[in-house]
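First comes the structure, then the notes that go with it.
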Amino acid sequence: MRTHTARLAWMALALLAVVASPAAPLAAQPAVPTLPTIPDPVPVTLNPAQTAFLVLDLTSANCSARPACVASLPGVAELIARSRDAGALVVYSSISTPGAQILPEVAPQPGDPIVVANADKFAGTTLEQILADAGVDTLIIVGTSANGAVLYTAWGASQRGYTIVAPIDGMSSADSFATFLTQYQLLNEPGFNNPTNEPLRPNAVTLSRTDLISYEGM
């Protein structure tokens, strides 16, 4: 009985010491990461005979529901017109959603190549052969979703040795952060990076703007 009472007294003293001790400091909270700064878009001048303009997934099934995508259409349409006038190849893609139609503001003309695929427009399509047959080495890429079609097609193009121009006002997503993330990733693709946004760095992406893109001889 005496041993049991002593044990209870010891436990009470231990509990009292814990309650009376100063509170342990809270664990340090992880620092909130600072968003990186993306370099400003730069002007570029392209050779139309060696350039293809990829217009990706600007359709009734996705673009129409995204205000940022709808806002991108006038600039894209104007650049399409200038690209046609210069003689550059214009290539379209569409998604596999039933009933999806490329929007009339940026509609293809008869004879324009159209591929249907998910995010990477090279995967399971004839896009690589279309570009090879045209003898192009430089691509302009616009579209929605930026973090889908634009990002993954640009990655596929980098792997195939193309120089890529991505107008920031020609890409859109369901939310602005996805577009921001895409712009950062385009300049920082492992093995094909261009972190300072050097204009027309070979085998990498340059961020530009539709009104900063021009063609030789125009």
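A note on labels: chains of the structure tokens are A, B, ... as shown, every chain counts residues from 1, and ligands are counted from 1 in their shown order.
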So that I can see what lies close to Glu189 of chain A, please list as a list in words the residues with an atom at most 12 Å from it, counting only C-alpha atoms and leaving out residues fewer than 5 positions away in the same chain.
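These residues fall inside the cut-off: Leu151, Tyr152, Ala154, Trp155, Gly156, Ala157, Ser158, Gln159, Leu181, Thr182, Gln183, Tyr184, Asn194, Pro195, Asn203, Ala204, Val205 and Thr206 of chain A.
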Shell around Val44 of chain A at 9 Å using only C-alpha atoms, local window under 5 positions removed, as a PyMOL selection string
chain A and resi 165+199-200+206+208+212-215
Using DSSP on the backbone coordinates, identify all residues within segment 139-193 of chain A classified as helix (DSSP H, G or I); present the result as a ChimeraX atom specification.
/A:146-159,168-170,176-187
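Every residue of segment 17-95 of chain A with a DSSP assignment of strand (DSSP E), taken from the backbone, is listed as Val44, Thr45, Leu46, Thr51, Ala52, Phe53, Leu54, Val55, Leu56, Leu89, Val90, Val91, Tyr92, Ser93 and Ser94 of chain A.
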Emit the selected residues as an mmCIF file, in the first residue's frame, including C-alpha atoms.
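Output contents, as saved in result_14.cif:
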data_model
loop_
_atom_site.group_PDB
_atom_site.id
_atom_site.type_symbol
_atom_site.label_atom_id
_atom_site.label_comp_id
_atom_site.auth_asym_id
_atom_site.auth_seq_id
_atom_site.Cartn_x
_atom_site.Cartn_y
_atom_site.Cartn_z
ATOM 1 C CA VAL A 44 11.259 39.057 -82.590
ATOM 2 C CA THR A 45 11.504 39.095 -86.382
ATOM 3 C CA LEU A 46 10.943 35.774 -88.125
ATOM 4 C CA THR A 51 8.004 29.546 -89.462
ATOM 5 C CA ALA A 52 4.810 27.710 -88.567
ATOM 6 C CA PHE A 53 2.097 29.273 -86.417
ATOM 7 C CA LEU A 54 0.401 26.692 -84.163
ATOM 8 C CA VAL A 55 -3.081 27.725 -83.031
ATOM 9 C CA LEU A 56 -4.018 25.275 -80.288
ATOM 10 C CA LEU A 89 2.312 28.084 -92.436
ATOM 11 C CA VAL A 90 -0.685 28.146 -90.056
ATOM 12 C CA VAL A 91 -1.532 24.873 -88.291
ATOM 13 C CA TYR A 92 -4.495 24.241 -85.994
ATOM 14 C CA SER A 93 -5.338 21.755 -83.305
ATOM 15 C CA SER A 94 -8.621 20.830 -81.712
#
Hey, can you check how far atom CA of Phe177 of chain A sits from atom CA of Pro41 of chain A?
17.6 Å
Set the distance at 10 Å and use only C-alpha atoms: which residues neighbour Val150 of chain A once local chain neighbours fewer than 3 positions away are removed? I'd like the list as a PyMOL selection string.
chain A and resi 54-57+119-121+141-147+153-156+166+170-173+179+182-183+186
Go ahead and save the residues from that selection, with C-alpha atoms, as a compact mmCIF listing (two decimals), in the first residue's frame.
# COMPACT_ATOMS: atom_id res chain seq x y z
CA LEU A 54 0.40 26.69 -84.16
CA VAL A 55 -3.08 27.73 -83.03
CA LEU A 56 -4.02 25.27 -80.29
CA ASP A 57 -7.49 24.38 -79.06
CA ALA A 119 -2.05 18.22 -74.41
CA ASP A 120 1.00 17.33 -76.56
CA LYS A 121 -0.04 17.91 -80.17
CA ILE A 141 2.55 28.71 -80.28
CA VAL A 142 -0.69 30.14 -78.88
CA GLY A 143 -3.72 28.51 -77.31
CA THR A 144 -5.60 27.26 -74.30
CA SER A 145 -5.01 25.64 -71.88
CA ALA A 146 -1.63 27.27 -71.48
CA ASN A 147 -0.66 24.69 -68.88
CA THR A 153 3.46 21.04 -77.23
CA ALA A 154 6.31 23.48 -76.59
CA TRP A 155 8.10 20.76 -74.65
CA GLY A 156 7.59 18.33 -77.52
CA ALA A 166 5.16 32.02 -77.27
CA GLY A 170 -1.99 34.47 -76.92
CA MET A 171 -2.02 31.90 -74.12
CA SER A 172 -4.75 31.44 -71.54
CA SER A 173 -5.97 29.02 -68.89
CA THR A 179 -0.84 30.86 -67.12
CA THR A 182 3.28 28.09 -67.77
CA GLN A 183 5.25 31.20 -68.70
CA LEU A 186 8.44 27.66 -70.73
